[in-house]
$ cat input_16.cif   # mmCIF, C-alpha atoms
data_upload
#
loop_
_atom_site.label_atom_id
_atom_site.label_comp_id
_atom_site.auth_asym_id
_atom_site.auth_seq_id
_atom_site.Cartn_x
_atom_site.Cartn_y
_atom_site.Cartn_z
CA MET H 1 -80.77 -29.85 2.21
CA VAL H 2 -77.36 -29.60 0.60
CA SER H 3 -79.08 -28.85 -2.73
CA LEU H 4 -80.84 -25.92 -1.07
CA GLY H 5 -77.58 -24.07 -0.61
CA LEU H 6 -76.18 -25.52 2.62
CA THR H 7 -72.72 -27.00 2.87
CA GLU H 8 -72.43 -30.61 4.06
CA ARG H 9 -71.18 -29.38 7.45
CA SER H 10 -74.08 -26.94 7.90
CA ASP H 11 -76.55 -29.59 6.78
CA ALA H 12 -75.23 -32.06 9.40
CA LEU H 13 -75.41 -29.38 12.11
CA TYR H 14 -78.97 -28.39 11.17
CA ARG H 15 -80.16 -32.02 11.28
CA LEU H 16 -78.55 -32.43 14.70
CA ILE H 17 -80.37 -29.36 16.04
CA LEU H 18 -83.68 -30.67 14.66
CA LYS H 19 -83.18 -33.85 16.70
CA ARG H 20 -81.84 -32.10 19.81
CA PRO H 21 -83.71 -28.80 20.37
CA ASP H 22 -82.07 -26.31 22.76
CA LEU H 23 -78.67 -27.97 22.28
CA ALA H 24 -75.80 -25.77 23.50
CA VAL H 25 -73.08 -24.64 21.14
CA ALA H 26 -70.37 -26.50 23.02
CA ALA H 27 -72.48 -29.68 23.13
CA ALA H 28 -73.12 -29.49 19.38
CA ALA H 29 -69.39 -29.12 18.71
CA ALA H 30 -68.65 -32.13 20.90
CA GLU H 31 -71.41 -34.18 19.27
CA LEU H 32 -70.02 -33.50 15.78
CA GLY H 33 -66.40 -33.82 16.84
CA ARG H 34 -65.47 -30.42 15.45
CA PRO H 35 -63.86 -27.27 16.89
CA GLU H 36 -66.34 -24.89 18.47
CA ASP H 37 -65.16 -21.98 16.30
CA ASP H 38 -65.98 -23.98 13.14
CA VAL H 39 -69.44 -24.79 14.48
CA ARG H 40 -70.07 -21.11 15.24
CA GLY H 41 -69.23 -20.30 11.62
CA ASP H 42 -71.83 -22.81 10.42
CA LEU H 43 -74.34 -21.42 12.93
CA GLU H 44 -73.88 -17.99 11.38
CA GLU H 45 -74.66 -19.48 7.97
CA LEU H 46 -77.85 -21.15 9.28
CA THR H 47 -78.89 -17.89 10.91
CA ARG H 48 -78.29 -15.95 7.68
CA LEU H 49 -80.52 -18.43 5.85
CA SER H 50 -83.25 -17.97 8.52
CA LEU H 51 -83.05 -21.64 9.55
CA LEU H 52 -81.89 -20.81 13.06
CA ALA H 53 -83.05 -18.19 15.57
CA PRO H 54 -80.35 -15.53 16.16
CA SER H 55 -80.96 -15.67 19.95
CA TRP H 56 -78.29 -18.38 20.25
CA ARG H 57 -75.69 -15.63 20.20
CA SER H 58 -76.90 -14.33 23.57
CA ASP H 59 -78.09 -17.41 25.48
CA GLY H 60 -76.06 -20.14 23.73
CA ARG H 61 -79.18 -22.22 22.99
CA LEU H 62 -79.74 -23.47 19.43
CA ARG H 63 -83.34 -23.09 18.41
CA VAL H 64 -84.59 -23.81 14.89
CA VAL H 65 -87.38 -21.68 13.45
CA ASN H 66 -90.51 -23.06 11.79
CA PRO H 67 -89.08 -25.19 8.92
CA LYS H 68 -91.77 -24.11 6.48
CA ALA H 69 -91.09 -20.42 7.01
CA ALA H 70 -87.36 -21.02 6.89
CA LEU H 71 -87.51 -23.07 3.69
CA ASP H 72 -89.86 -20.58 2.04
CA SER H 73 -87.33 -17.88 2.85
CA LEU H 74 -84.47 -20.03 1.59
CA LEU H 75 -86.24 -20.85 -1.69
CA ALA H 76 -87.11 -17.19 -2.19
CA HIS H 77 -83.45 -16.33 -1.64
CA GLN H 78 -82.36 -18.89 -4.24
CA GLN H 79 -84.98 -17.70 -6.72
CA ALA H 80 -83.65 -14.17 -6.32
CA GLU H 81 -80.11 -15.44 -7.00
CA ILE H 82 -81.30 -17.30 -10.12
CA ALA H 83 -83.09 -14.19 -11.37
CA GLN H 84 -79.91 -12.18 -10.80
CA ARG H 85 -77.86 -14.75 -12.75
CA HIS H 86 -80.37 -14.62 -15.61
CA ARG H 87 -80.08 -10.84 -15.71
CA ALA H 88 -76.27 -11.09 -15.69
CA LEU H 89 -76.40 -13.69 -18.49
CA ALA H 90 -78.71 -11.50 -20.58
CA GLU H 91 -76.38 -8.54 -20.08
CA SER H 92 -73.37 -10.66 -21.08
CA GLN H 93 -75.16 -11.88 -24.21
CA ALA H 94 -76.06 -8.33 -25.15
CA ALA H 95 -72.47 -7.19 -24.60
CA ALA H 96 -71.14 -10.11 -26.68
CA SER H 97 -73.55 -9.30 -29.52
CA ALA H 98 -72.44 -5.67 -29.45
CA LEU H 99 -68.77 -6.67 -29.57
CA LEU H 100 -69.37 -9.08 -32.46
CA SER H 101 -71.25 -6.40 -34.37
CA GLN H 102 -68.47 -3.90 -33.76
CA TYR H 103 -65.83 -6.43 -34.84
CA ALA H 104 -67.80 -7.22 -38.01
CA GLU H 105 -67.96 -3.51 -38.84
CA LEU H 106 -64.24 -2.98 -38.27
CA HIS H 107 -63.17 -6.28 -39.88
CA PRO H 108 -65.61 -7.11 -42.66
CA ALA H 109 -65.19 -10.53 -44.26
CA PRO H 110 -63.20 -10.22 -47.50
CA PRO H 111 -64.86 -11.09 -50.80
CA ALA H 112 -64.44 -14.68 -51.96
CA HIS H 113 -61.70 -13.77 -54.46
CA GLU H 114 -59.54 -11.88 -51.96
CA ALA H 115 -56.82 -13.41 -49.80
CA GLU H 116 -56.46 -12.88 -46.05
CA ARG H 117 -53.07 -12.41 -44.41
CA PHE H 118 -52.23 -13.55 -40.89
CA LEU H 119 -48.97 -12.29 -39.42
CA GLY H 120 -47.08 -14.33 -36.85
CA VAL H 121 -47.33 -17.87 -35.51
CA GLU H 122 -50.15 -17.20 -33.03
CA ALA H 123 -52.40 -15.60 -35.66
CA VAL H 124 -51.82 -18.57 -37.98
CA ARG H 125 -52.60 -21.08 -35.21
CA ALA H 126 -55.85 -19.26 -34.41
CA LYS H 127 -56.86 -19.35 -38.08
CA LEU H 128 -55.98 -23.05 -38.33
CA SER H 129 -58.23 -23.77 -35.35
CA GLU H 130 -61.08 -21.83 -36.95
CA LEU H 131 -60.52 -23.54 -40.29
CA SER H 132 -60.59 -26.97 -38.62
CA SER H 133 -63.93 -26.21 -36.98
CA ARG H 134 -65.40 -25.42 -40.43
CA THR H 135 -63.94 -28.45 -42.24
CA ARG H 136 -66.59 -31.04 -43.12
CA ARG H 137 -65.17 -33.47 -45.68
CA GLU H 138 -61.39 -33.45 -46.15
CA SER H 139 -58.20 -31.96 -44.74
CA ILE H 140 -55.01 -32.35 -46.79
CA SER H 141 -51.65 -30.90 -45.86
CA PHE H 142 -47.90 -30.68 -46.41
CA HIS H 143 -45.62 -30.57 -43.36
CA PRO H 144 -42.04 -29.87 -44.45
CA GLY H 145 -39.07 -29.84 -42.13
CA GLY H 146 -37.53 -32.41 -39.87
CA PRO H 147 -38.52 -33.69 -36.42
CA VAL H 148 -41.22 -31.79 -34.51
CA PRO H 149 -41.30 -31.48 -30.68
CA ALA H 150 -43.62 -34.04 -29.07
CA ALA H 151 -45.48 -31.25 -27.24
CA GLN H 152 -46.46 -29.71 -30.57
CA PHE H 153 -47.92 -33.01 -31.74
CA ARG H 154 -49.85 -33.42 -28.48
CA ALA H 155 -51.30 -29.94 -28.82
CA SER H 156 -52.64 -30.72 -32.30
CA GLU H 157 -54.11 -34.14 -31.48
CA PRO H 158 -57.39 -32.98 -29.84
CA ILE H 159 -58.21 -30.94 -32.97
CA THR H 160 -57.35 -33.91 -35.19
CA GLU H 161 -59.48 -36.27 -33.09
CA GLU H 162 -62.43 -33.89 -33.33
CA LEU H 163 -62.07 -33.78 -37.13
CA ILE H 164 -61.96 -37.57 -37.39
CA ALA H 165 -65.00 -37.87 -35.10
CA ARG H 166 -66.92 -35.68 -37.59
CA GLY H 167 -65.97 -38.02 -40.43
CA VAL H 168 -63.38 -35.71 -42.00
CA LYS H 169 -60.84 -37.55 -44.18
CA ILE H 170 -57.27 -36.58 -43.25
CA ARG H 171 -54.29 -37.02 -45.55
CA THR H 172 -50.89 -35.68 -44.56
CA VAL H 173 -47.51 -35.64 -46.30
CA TYR H 174 -44.38 -35.37 -44.16
CA GLN H 175 -40.75 -35.60 -45.16
CA ASP H 176 -38.79 -38.85 -45.03
CA ALA H 177 -36.72 -37.32 -42.20
CA ILE H 178 -39.52 -37.93 -39.67
CA ARG H 179 -38.84 -41.68 -39.96
CA ASN H 180 -35.72 -41.15 -37.84
CA ASP H 181 -37.53 -39.26 -35.06
CA PRO H 182 -39.36 -41.23 -32.29
CA ALA H 183 -41.90 -38.46 -31.52
CA SER H 184 -42.78 -38.04 -35.20
CA LEU H 185 -43.11 -41.79 -35.68
CA GLU H 186 -45.38 -42.06 -32.63
CA HIS H 187 -47.62 -39.28 -33.93
CA ALA H 188 -47.80 -40.86 -37.38
CA ARG H 189 -48.84 -44.18 -35.79
CA TRP H 190 -51.39 -42.37 -33.64
CA LEU H 191 -52.91 -40.73 -36.71
CA THR H 192 -53.02 -43.85 -38.88
CA GLU H 193 -54.56 -45.90 -36.06
CA ARG H 194 -57.47 -43.45 -36.07
CA GLY H 195 -58.06 -43.61 -39.79
CA GLY H 196 -55.80 -40.82 -41.03
CA GLU H 197 -53.40 -41.41 -43.93
CA VAL H 198 -49.72 -40.46 -43.77
CA ARG H 199 -47.13 -40.54 -46.53
CA THR H 200 -43.59 -39.19 -46.84
CA VAL H 201 -41.37 -37.74 -49.55
CA PRO H 202 -37.73 -36.58 -49.47
CA SER H 203 -38.64 -32.87 -49.66
CA LEU H 204 -41.68 -30.62 -49.85
CA PRO H 205 -42.01 -27.20 -51.51
CA MET H 206 -43.80 -25.47 -48.62
CA ARG H 207 -46.11 -25.86 -45.65
CA MET H 208 -49.74 -26.07 -46.76
CA VAL H 209 -53.19 -26.88 -45.35
CA ILE H 210 -56.26 -27.24 -47.59
CA ALA H 211 -59.77 -27.60 -46.15
CA ASP H 212 -62.56 -29.22 -48.20
CA ARG H 213 -60.66 -28.18 -51.36
CA GLU H 214 -62.18 -24.72 -50.82
CA PHE H 215 -59.63 -22.95 -48.59
CA ALA H 216 -55.83 -23.08 -48.85
CA LEU H 217 -53.61 -21.75 -46.07
CA LEU H 218 -50.07 -21.11 -47.32
CA PRO H 219 -46.98 -19.40 -45.85
CA ILE H 220 -46.30 -15.81 -46.85
CA ASP H 221 -42.66 -16.83 -47.28
CA PRO H 222 -42.10 -20.58 -47.94
CA ALA H 223 -38.59 -20.23 -46.51
CA ASP H 224 -39.89 -18.90 -43.17
CA SER H 225 -43.39 -20.02 -42.21
CA ALA H 226 -43.10 -18.17 -38.86
CA LEU H 227 -43.68 -14.87 -40.68
CA GLY H 228 -47.33 -15.67 -41.25
CA ALA H 229 -49.71 -17.15 -43.77
CA VAL H 230 -52.20 -16.25 -46.45
CA LEU H 231 -55.64 -17.83 -46.85
CA LEU H 232 -56.77 -18.33 -50.43
CA ARG H 233 -60.43 -18.79 -51.40
CA GLU H 234 -60.43 -18.22 -55.16
CA PRO H 235 -61.39 -21.56 -56.77
CA GLY H 236 -58.75 -21.39 -59.50
CA ALA H 237 -55.87 -20.79 -57.08
CA VAL H 238 -57.11 -23.41 -54.61
CA ALA H 239 -57.51 -25.95 -57.44
CA ALA H 240 -53.87 -25.43 -58.47
CA PHE H 241 -52.61 -26.23 -54.97
CA CYS H 242 -54.94 -29.23 -54.75
CA ALA H 243 -53.39 -30.52 -57.98
CA LEU H 244 -49.93 -30.03 -56.46
CA PHE H 245 -50.96 -32.04 -53.40
CA ASP H 246 -52.46 -34.84 -55.52
CA SER H 247 -49.30 -35.06 -57.62
CA VAL H 248 -47.03 -35.32 -54.57
CA TRP H 249 -49.39 -37.75 -52.84
CA GLU H 250 -49.28 -40.17 -55.78
CA THR H 251 -45.49 -40.48 -55.60
CA ALA H 252 -45.21 -40.35 -51.79
CA LEU H 253 -44.33 -43.42 -49.75
CA PRO H 254 -47.09 -44.72 -47.44
CA PHE H 255 -46.15 -44.66 -43.77
CA GLY H 256 -45.08 -48.11 -42.62
CA GLU H 257 -43.21 -49.02 -45.79
CA PRO H 258 -39.37 -48.98 -45.65
CA PRO H 259 -37.79 -45.73 -46.92
CA ARG H 260 -36.55 -45.68 -50.50
CA ARG H 261 -32.78 -45.53 -50.80
CA SER H 262 -32.16 -46.73 -54.34
CA LEU H 263 -30.66 -44.29 -56.83
CA ASP H 264 -32.92 -45.87 -59.44
CA ASP H 265 -35.99 -44.53 -57.58
CA PRO H 266 -36.73 -40.89 -58.53
CA GLY H 267 -38.56 -40.49 -55.20
CA SER H 268 -35.64 -41.54 -53.01
CA GLN H 269 -33.77 -39.19 -50.70
CA PRO H 270 -30.39 -39.68 -52.48
CA ARG H 271 -31.93 -38.75 -55.86
CA GLU H 272 -33.58 -35.70 -54.31
CA LEU H 273 -30.25 -34.56 -52.85
CA LEU H 274 -28.59 -34.89 -56.24
CA ARG H 275 -31.36 -32.77 -57.76
CA LEU H 276 -30.98 -30.07 -55.09
CA LEU H 277 -27.20 -29.90 -55.52
CA ALA H 278 -27.60 -29.67 -59.30
CA GLN H 279 -29.93 -26.70 -58.78
CA GLY H 280 -27.22 -24.89 -56.84
CA TYR H 281 -28.39 -25.47 -53.27
CA THR H 282 -25.68 -25.12 -50.65
CA ASP H 283 -25.18 -27.95 -48.16
CA GLU H 284 -27.02 -25.96 -45.50
CA ALA H 285 -29.96 -25.17 -47.79
CA ALA H 286 -30.18 -28.74 -49.06
CA ALA H 287 -30.18 -30.08 -45.49
CA ARG H 288 -33.00 -27.71 -44.55
CA ARG H 289 -34.98 -28.72 -47.62
CA LEU H 290 -34.59 -32.41 -46.75
CA GLY H 291 -35.34 -31.79 -43.07
CA ILE H 292 -32.08 -33.41 -41.94
CA SER H 293 -28.98 -32.20 -40.12
CA LEU H 294 -25.98 -30.80 -41.99
CA ARG H 295 -23.93 -33.77 -40.78
CA SER H 296 -26.48 -36.21 -42.21
CA GLU H 297 -26.55 -34.33 -45.51
CA ARG H 298 -22.77 -34.45 -45.86
CA ARG H 299 -22.70 -38.13 -44.92
CA LEU H 300 -25.25 -38.76 -47.67
CA ILE H 301 -23.04 -36.90 -50.16
CA SER H 302 -20.09 -39.09 -49.16
CA GLU H 303 -22.21 -42.20 -49.72
CA LEU H 304 -23.27 -40.90 -53.17
CA MET H 305 -19.67 -40.21 -54.15
CA GLU H 306 -18.70 -43.72 -53.12
CA ARG H 307 -21.61 -45.35 -54.97
CA LEU H 308 -20.89 -43.36 -58.16
CA ASP H 309 -17.10 -43.70 -57.82
CA ALA H 310 -16.68 -39.91 -57.78
CA HIS H 311 -13.67 -38.16 -56.18
CA SER H 312 -15.07 -34.62 -56.22
CA ARG H 313 -18.46 -32.95 -56.25
CA PHE H 314 -17.93 -31.87 -59.83
CA GLN H 315 -17.26 -35.48 -60.80
CA LEU H 316 -20.31 -36.54 -58.76
CA GLY H 317 -22.51 -34.30 -60.89
CA GLN H 318 -20.87 -35.56 -64.08
CA ARG H 319 -21.40 -39.21 -63.11
CA ALA H 320 -25.02 -38.50 -62.13
CA VAL H 321 -25.68 -37.03 -65.59
CA GLU H 322 -23.88 -39.89 -67.34
CA GLN H 323 -26.07 -42.45 -65.53
CA GLY H 324 -29.27 -40.56 -66.23
CA LEU H 325 -29.86 -39.61 -62.61
CA LEU H 326 -30.19 -35.90 -63.48
#
$ encode --input "input_16.cif" --output "structure tokens"
Amino acid sequence: MVSLGLTERSDALYRLILKRPDLAVAAAAAELGRPEDDVRGDLEELTRLSLLAPSWRSDGRLRVVNPKAALDSLLAHQQAEIAQRHRALAESQAAASALLSQYAELHPAPPAHEAERFLGVEAVRAKLSELSSRTRRESISFHPGGPVPAAQFRASEPITEELIARGVKIRTVYQDAIRNDPASLEHARWLTERGGEVRTVPSLPMRMVIADREFALLPIDPADSALGAVLLREPGAVAAFCALFDSVWETALPFGEPPRRSLDDPGSQPRELLRLLAQGYTDEAAARRLGISLRSERRLISELMERLDAHSRFQLGQRAVEQGLL
């Protein structure tokens, strides 16, 4: 009976009336252990569904009608509701089709050789979600910058899990700075445990996501990814960024291995800092590029000066050149 549209309370009341014809309202309430006002509400529902004679309102006696007639009426009522829902669904589908057609007319898909621009963080996130749903084989990406809020990682994990479930190979390059952040380390472990591959390097040129080596999503301004992104489709341009990723990936340190600190290692953070300073980066800019705090960057400079026996930054550069570090 519940499946026919009755609530559990109305169903219990109806079954009681079937067993006890001509039961009074007060007696039914006492039998069920419920307030009389609540029972009257359920009686109104049974009356509306034609399962109970409306005469109870005047004489207080609860009389069920012929069950067959009542159930036929109830089924007819439900069939009418289903038909109404089908009509509403058909109207919604027609409206959706019209909106999609209108959108396609106003926003035609660009030719394969043209780039699309997406302004602002929300527009980029929406495009990333769409791009993920279309990825079938491989997703490769650069994620520059330092520690990321744990909430941001959690928000991305359902999309990543869905990609992995489809058999998509995921390779991600972060900066060495994430090795000092608990939330970043936890996310990297989470990803590798599910089959993804994570590596790190001291610095990255820009944020980048490439899907199936066919689409490349890049920041409009590498220095400020919040401004928006551009989606490239042209095979030649995409191939160039794939080559950049492959080159960085080959020299990157697999997650789980201890970070490289030796000055003899061209891929170590100290060597990268020397290179940035030699290129004229300020302390603030170098710290941003390495994804570390200004205090950490200056502490690293002090360590370099001590290791190279330099008493000034000019002498530090001179010693770095003399020892073939630059």
$ resolve_selection --input "input_16.cif" --expression "the PyMOL selection byres ((chain H and resi 11-13) around 8)" --output "list in words"
Met1, Val2, Leu6, Thr7, Glu8, Arg9, Ser10, Tyr14, Arg15, Leu16, Ile17, Ala28, Leu32, Val39 and Asp42 of chain H
$ resolve_selection --input "input_16.cif" --expression "the PyMOL selection byres ((chain H and resi 120) around 9)" --output "JSON list (two decimals) with C-alpha atoms, in the coordinates of the input"
[["chain", "number", "residue", "atom", "x", "y", "z"],
["H", 118, "PHE", "CA", -52.23, -13.55, -40.89],
["H", 119, "LEU", "CA", -48.97, -12.29, -39.42],
["H", 121, "VAL", "CA", -47.33, -17.87, -35.51],
["H", 122, "GLU", "CA", -50.15, -17.20, -33.03],
["H", 123, "ALA", "CA", -52.40, -15.60, -35.66],
["H", 124, "VAL", "CA", -51.82, -18.57, -37.98],
["H", 125, "ARG", "CA", -52.60, -21.08, -35.21],
["H", 225, "SER", "CA", -43.39, -20.02, -42.21],
["H", 226, "ALA", "CA", -43.10, -18.17, -38.86],
["H", 227, "LEU", "CA", -43.68, -14.87, -40.68],
["H", 228, "GLY", "CA", -47.33, -15.67, -41.25],
["H", 229, "ALA", "CA", -49.71, -17.15, -43.77]]
$ closest_residue --input "input_16.cif" --among "H:Asp181, H:Asp72, H:Glu214, H:Glu322" --to "Gly236 in chain H" --atoms "only C-alpha atoms"
H:Glu214
$ atom_distance --input "input_16.cif" --atom1 "CA of Arg207 in chain H" --atom2 "CA of Pro219 in chain H"
6.5 Å
$ closest_residue --input "input_16.cif" --among "H:His311, H:Arg85, H:Leu290, H:Leu253" --to "Arg271 in chain H" --atoms "all atoms listed in the file"
H:Leu290
